[in-house]
Amino acid sequence: MNRFPMWKIIVVAIVCAFGILYTLPNFVSKSALNGLPDWLPTKQVNLGLDLQGGSHLLLQVDADTVKTKMMDSLVDGVRDSLRQQGDNVGYRDLAHDGEVVSFTLRDPADEDKARERIADLSNIMPNGQRDVVITSDDGQITLTPSEAAITARLSAAVDQSIEIVRRRVDETGVNEPAIQRQGNDRILVQLPGVDDPDRIKRLLGETAQLTFHLVDLTSDVGAAGRVPPGSKRLPSIEEDGRTYIIKNRVMVSGENLEDAQATFQQGQPVVSIRFDGLGAKQFGQATTENVGKPFAIVLDNKVVSAPRINEPILGGSAVISGGFNVAGAQDLALLLRAGALPAPLDILEERSVGPDLGADSIAAGEIAGIIGIIAVAVFMVASYGLFGIIANVALAMNIFLIMAVLSVLGATLTLPGIAGIVLTIGMAVDANVLIFERIREEIRVGKTPLNAINSGFARAFTTIIDANVTTGIAAVILFVMGSGPVKGFAVTLLIGIISSMFTAIMLSRMLISFWMQRRRPKTLEI
Amino acid sequence: MYKIKLVPDNTAVPFLKYRMIAFILSAVLILGSIGAFLTFGFNKGIDFEGGILIEVGTETAPDIADMRGSLGGLGLGQVALQTFGSDTDILIRVQRQEGDASAQQDAVEVIKQQLATDFGDEISYRRVEFVGPTVSEELVIAATEAVIVAVLAMLVYIWLRFEWHYSVGAVVALVHDVILTIGMFAITRIEFNLASVAAILTIVGYSINDTVVVYDRIRENFRRYKKLSVAELINLSINETLTRTVMTSVTTLLALVALYIFGGEVIRGFATAMIFGVVVGTYSSIFVAAPVLLHIGLTHQKEEEDGFAGAERADGDAEEKG
């Protein structure tokens, strides 16, 4: 094997060209990149939130609320099915305990009729089971939602929440937010460039369920007296301690909103809303029927205000006033535009990094990297002379390849990721060290330079593979099981392992072959 | 041209002769590490403990004692303050608050308000992190799983590529390294967080890499020298790979020391752990992983019976063709 095969030269050339070409955009400013012709690569390495500054929030959808709502709607469903115009099925004690819905028939003989009426509430799911299991025992009927149905409902709630979270975040003007599902009931929100996420946290903390109800005037509002059936007591958002008794029935809900904007009315910040077709019709009808009575605007189970209906409101527009300040009105308008969350979100974890710290980390990482490279390079030349220079060329190529692959994959470079690259610098020369030490040994037993080099590479090969596969296993496991910044570390480590094997086995081999062909040395200085 | 040679040619250190000393040393260190861990535990960061971490930058160096008094009086339990890298950079750590995640968030608000009262505009938030109790518990479980899975995966790989003696030896060395690193974290009080788990796994990767290189040579020498005793063979293999072992440790340490000195405060704990791990990993490859083979009954016979490993060499003997 005197000549290095042509196909290998081509492979090495292509890989090296790729490495350099795809690393270069990282040294060019964003604006300059836009001016480049299309065929040139323009992707830069994504910087993690810890490097560019930003906020990472882990949210959890409140599963209990989702379940309670599911039960509530089942109760409503039963009530609607049993009470039909002119043909009521008598029942009492219709309620749920969080797990099952149950009620008792006034006349046990109605059992078959009742079951027939509520049969529509139980449907076959894609997995072949029923979502709600209905059982009856001597006039008492129970409806039990299955585990799978609850899981499906939660999953749908998470999907819907993601959509709403995305809309709310987009409204705040954050650049390139990443919002994704994590596990069963969690949502990961990453907000680059946001170092003080308080406003966003506040926005995500509101469910923003808006409903309009009639105020129940049959009861003495101020007193702590009994709340009539079909009504409930809700606190005022403005005045501490003040409560309203309102009817459960929803006149119109926020789902039927088309738009919401913060404006001023008589110098006060207010939110003006516009209903969609259905909402406008419902609102128009309700206000026509109840002129002179007060109605309550309810947001997340708190009464924003309870104005009197002076005249029918038919245009589909209304104004919510409630002693807001400007920011409060703007946020409420934003929340109403984005829509309501199906359930409250809890913030489980927050990690926010200011832009200064990120910039400091990048600078520190760069300095550490450069000094590390210089130290290793000097040491390699001092130890192996010319061969050390070859190892250094391979090392430099290695760094280009890591940067290029990170850029192309769109992988995220984190602070631990930089640590991974610096560590790779130290470990990258390992494959070359293995080869060079083998060559030294072969020379010591009296082989010619060419034979020593050939067998040095061949013998080191299996060792390099075994040694790197084992390290690679650690990196893969870190990647699969790690989270966030640790994943970033694993990515750079893994790319580094692969590229260092390539540069050692292919690139340095090629350079040594070229050198041997030119010089044809009788003895080998290594 | 003068070249540095850290290990002279034809070095023949009787490593195996000292193996009992090494075993005793390792045993003492392991017991010490376990003892330290059981006595002191980890200085767990918020990743694993839950709680709040706030790094603030101020325009002039603040009086830490005043700050501690001011924040300590908020009724949030333990509040720890330290300068972080420079006098104007303060790390505030608050213990996990009773209750769920929202309790942590409320506490962050309280601290920010107090800092705004004390410092006004002269303060900037470099970092705000809080981790609720559920998440931190999950992170502990995931991290432990990751380390165990990694060690098992390597055990299987070495078993397949070599034979069971080697995989036992390698795992002994790995467990040795992991326990010593855990002991190091317990004694130095370096914060134990997610990056520390990454450090442990990297140490595992580095140490196994080192061990495999020595094992590879032992396997090769078993075929080459039929007459040497197992002890002589192992000793020869360690010596033959010694230059490489030392060289790679030195280059890796050079990079890590650069990271330790220049890489910034956040990464310093990681770099410290890695430096320790590289030293321990190098030691264990020479003094633990290789000598252990002798004690778990590796013989010439065993090596020859192993068909897979034997076949492996055929492509490696390229020098005959040259």
# chains A, B, ... in the order shown; residues from 1 in each chain; ligands from 1
>>> select_by_dssp(residues="segment 129-167 of chain B", states="helix (DSSP H, G or I)", output="ChimeraX atom specification")
/B:133-161,164-167
>>> closest_atom_pairs(of="chain A", to="chain B", cutoff="7 Å", atoms="only C-alpha atoms", output="Markdown table")
| residue | atom | partner | partner_atom | distance |
| --- | --- | --- | --- | --- |
| A:Asp346 | CA | B:Ser102 | CA | 6.8 |
| A:Ile347 | CA | B:Ala101 | CA | 6.2 |
| A:Leu348 | CA | B:Ala101 | CA | 5.1 |
| A:Glu349 | CA | B:Val131 | CA | 4.4 |
| A:Glu350 | CA | B:Phe130 | CA | 5.1 |
| A:Arg351 | CA | B:Glu129 | CA | 4.1 |
| A:Ser352 | CA | B:Val128 | CA | 4.9 |
| A:Val353 | CA | B:Arg127 | CA | 4.3 |
| A:Gly354 | CA | B:Arg126 | CA | 4.4 |
| A:Asp356 | CA | B:Arg126 | CA | 6.6 |
| A:Leu357 | CA | B:Arg126 | CA | 5.5 |
| A:Ser361 | CA | B:Gly264 | CA | 6.5 |
| A:Ala364 | CA | B:Gly263 | CA | 4.7 |
| A:Gly365 | CA | B:Gly263 | CA | 5.1 |
| A:Ile367 | CA | B:Phe262 | CA | 6.3 |
| A:Ala368 | CA | B:Phe262 | CA | 5.0 |
| A:Ile371 | CA | B:Ala258 | CA | 6.2 |
| A:Gly372 | CA | B:Ala255 | CA | 4.3 |
| A:Ala375 | CA | B:Leu254 | CA | 6.4 |
| A:Val376 | CA | B:Thr251 | CA | 5.5 |
| A:Ala382 | CA | B:Lys3 | CA | 5.3 |
| A:Ser383 | CA | B:Ile4 | CA | 4.7 |
| A:Tyr384 | CA | B:Lys3 | CA | 6.6 |
| A:Gly385 | CA | B:Lys3 | CA | 6.9 |
| A:Val422 | CA | B:Ala255 | CA | 6.0 |
| A:Leu423 | CA | B:Ala255 | CA | 6.1 |
| A:Ile425 | CA | B:Ala255 | CA | 6.7 |
| A:Gly426 | CA | B:Thr252 | CA | 3.8 |
| A:Met427 | CA | B:Thr252 | CA | 5.5 |
| A:Asp430 | CA | B:Thr248 | CA | 5.5 |
| A:Val433 | CA | B:Arg244 | CA | 6.1 |
| A:Leu434 | CA | B:Arg244 | CA | 6.0 |
| A:Glu437 | CA | B:Arg244 | CA | 6.5 |
| A:Asn451 | CA | B:Gly322 | CA | 5.6 |
| A:Asn454 | CA | B:Glu319 | CA | 6.7 |
| A:Ser455 | CA | B:Glu319 | CA | 4.7 |
| A:Ala458 | CA | B:Gly316 | CA | 5.7 |
| A:Arg459 | CA | B:Gly316 | CA | 5.3 |
| A:Thr463 | CA | B:Val213 | CA | 5.9 |
| A:Asp466 | CA | B:Val212 | CA | 6.8 |
| A:Ala467 | CA | B:Asn209 | CA | 4.4 |
| A:Asn468 | CA | B:Asn209 | CA | 6.6 |
| A:Thr470 | CA | B:Met154 | CA | 6.0 |
| A:Thr471 | CA | B:Gly205 | CA | 4.2 |
| A:Ile473 | CA | B:Ala150 | CA | 6.8 |
| A:Ala474 | CA | B:Gly205 | CA | 5.5 |
| A:Ile477 | CA | B:Ala150 | CA | 6.2 |
| A:Leu478 | CA | B:Ala146 | CA | 6.8 |
| A:Met481 | CA | B:Ala146 | CA | 6.0 |
| A:Val486 | CA | B:Ala198 | CA | 6.4 |
>>> closest_residue(among="A:Lys522, A:Arg79, A:Arg106, A:Arg444", to="Leu121 of chain A", atoms="only C-alpha atoms")
A:Arg79
>>> atom_distance(atom1="atom CA of Tyr166 of chain B", atom2="atom CA of Arg223 of chain B")
15.7 Å
>>> closest_residue(among="A:Gln160, A:Asn325, A:Ser317, A:Asn301", to="Val66 of chain A", atoms="only C-alpha atoms")
A:Gln160
>>> select_by_dssp(residues="segment 235-272 of chain A", states="strand (DSSP E or B)", output="VMD selection string")
chain A and resid 235 to 236 243 to 247 252 to 253 257 to 265 268 to 272
>>> residues_around(residues="segment 200-205 of chain A", least_positions_apart="4", cutoff="7 Å", atoms="only C-alpha atoms", output="PyMOL selection string")
chain A and resi 165+344-345
>>> write_last_selection(atoms="N, CA and C atoms", output="PDB file, in the first residue's frame")
ATOM      1  N   VAL A 165     -51.163  28.788  24.464  1.00  0.00           N
ATOM      2  CA  VAL A 165     -49.903  29.342  24.963  1.00  0.00           C
ATOM      3  C   VAL A 165     -49.144  29.970  23.797  1.00  0.00           C
ATOM      4  N   PRO A 344     -56.075  25.532  34.217  1.00  0.00           N
ATOM      5  CA  PRO A 344     -54.955  26.367  34.650  1.00  0.00           C
ATOM      6  C   PRO A 344     -53.608  25.680  34.410  1.00  0.00           C
ATOM      7  N   LEU A 345     -52.567  26.501  34.239  1.00  0.00           N
ATOM      8  CA  LEU A 345     -51.217  25.974  34.063  1.00  0.00           C
ATOM      9  C   LEU A 345     -50.385  26.325  35.302  1.00  0.00           C
TER      10      LEU A 345
END
>>> atom_distance(atom1="atom CA of Phe103 of chain A", atom2="atom CA of Pro145 of chain A")
15.1 Å
>>> residues_around(residues="Glu99 of chain A", least_positions_apart="2", cutoff="8 Å", atoms="only C-alpha atoms", output="list in words")
Met71, His96, Asp97, Val101, Thr144 and Pro145 of chain A
>>> write_last_selection(atoms="C-alpha atoms", output="short mmCIF file (atom, residue, chain, number, x, y, z; two decimals), in the first residue's frame")
data_model
loop_
_atom_site.label_atom_id
_atom_site.label_comp_id
_atom_site.auth_asym_id
_atom_site.auth_seq_id
_atom_site.Cartn_x
_atom_site.Cartn_y
_atom_site.Cartn_z
CA MET A 71 -67.44 15.40 35.16
CA HIS A 96 -70.39 13.78 40.83
CA ASP A 97 -67.75 13.04 43.43
CA VAL A 101 -71.56 10.74 38.23
CA THR A 144 -68.02 6.10 35.25
CA PRO A 145 -65.58 7.59 32.70
#
>>> closest_residue(among="A:Leu336, A:Ala280, A:Leu59, A:Ala359", to="Pro312 of chain A", atoms="only C-alpha atoms")
A:Ala280
>>> decode(residues="segment 82-115 of chain B", atoms="C-alpha atoms", output="short mmCIF file (atom, residue, chain, number, x, y, z; two decimals), in the first residue's frame")
data_model
loop_
_atom_site.label_atom_id
_atom_site.label_comp_id
_atom_site.auth_asym_id
_atom_site.auth_seq_id
_atom_site.Cartn_x
_atom_site.Cartn_y
_atom_site.Cartn_z
CA GLN B 82 -21.91 34.14 47.82
CA THR B 83 -19.95 36.19 45.35
CA PHE B 84 -19.69 34.42 42.03
CA GLY B 85 -16.59 35.17 40.00
CA SER B 86 -16.43 38.85 40.95
CA ASP B 87 -17.39 41.15 43.84
CA THR B 88 -20.33 42.61 41.95
CA ASP B 89 -21.77 39.26 41.01
CA ILE B 90 -23.83 37.68 43.77
CA LEU B 91 -25.41 34.24 43.83
CA ILE B 92 -28.50 33.99 46.00
CA ARG B 93 -29.76 30.55 46.90
CA VAL B 94 -33.03 30.02 48.69
CA GLN B 95 -34.17 26.69 50.02
CA ARG B 96 -37.14 24.97 48.50
CA GLN B 97 -40.38 26.53 49.71
CA GLU B 98 -43.07 24.45 51.33
CA GLY B 99 -45.90 23.76 48.95
CA ASP B 100 -46.06 23.36 45.21
CA ALA B 101 -44.31 25.07 42.33
CA SER B 102 -46.28 28.29 42.68
CA ALA B 103 -44.85 28.74 46.18
CA GLN B 104 -41.38 28.91 44.59
CA GLN B 105 -42.60 31.47 42.13
CA ASP B 106 -44.13 33.64 44.83
CA ALA B 107 -40.85 33.54 46.75
CA VAL B 108 -38.97 34.75 43.66
CA GLU B 109 -41.35 37.72 43.51
CA VAL B 110 -40.77 38.53 47.17
CA ILE B 111 -36.99 38.48 46.71
CA LYS B 112 -37.14 40.64 43.59
CA GLN B 113 -39.25 43.20 45.41
CA GLN B 114 -36.85 43.29 48.35
CA LEU B 115 -33.86 43.68 46.03
#
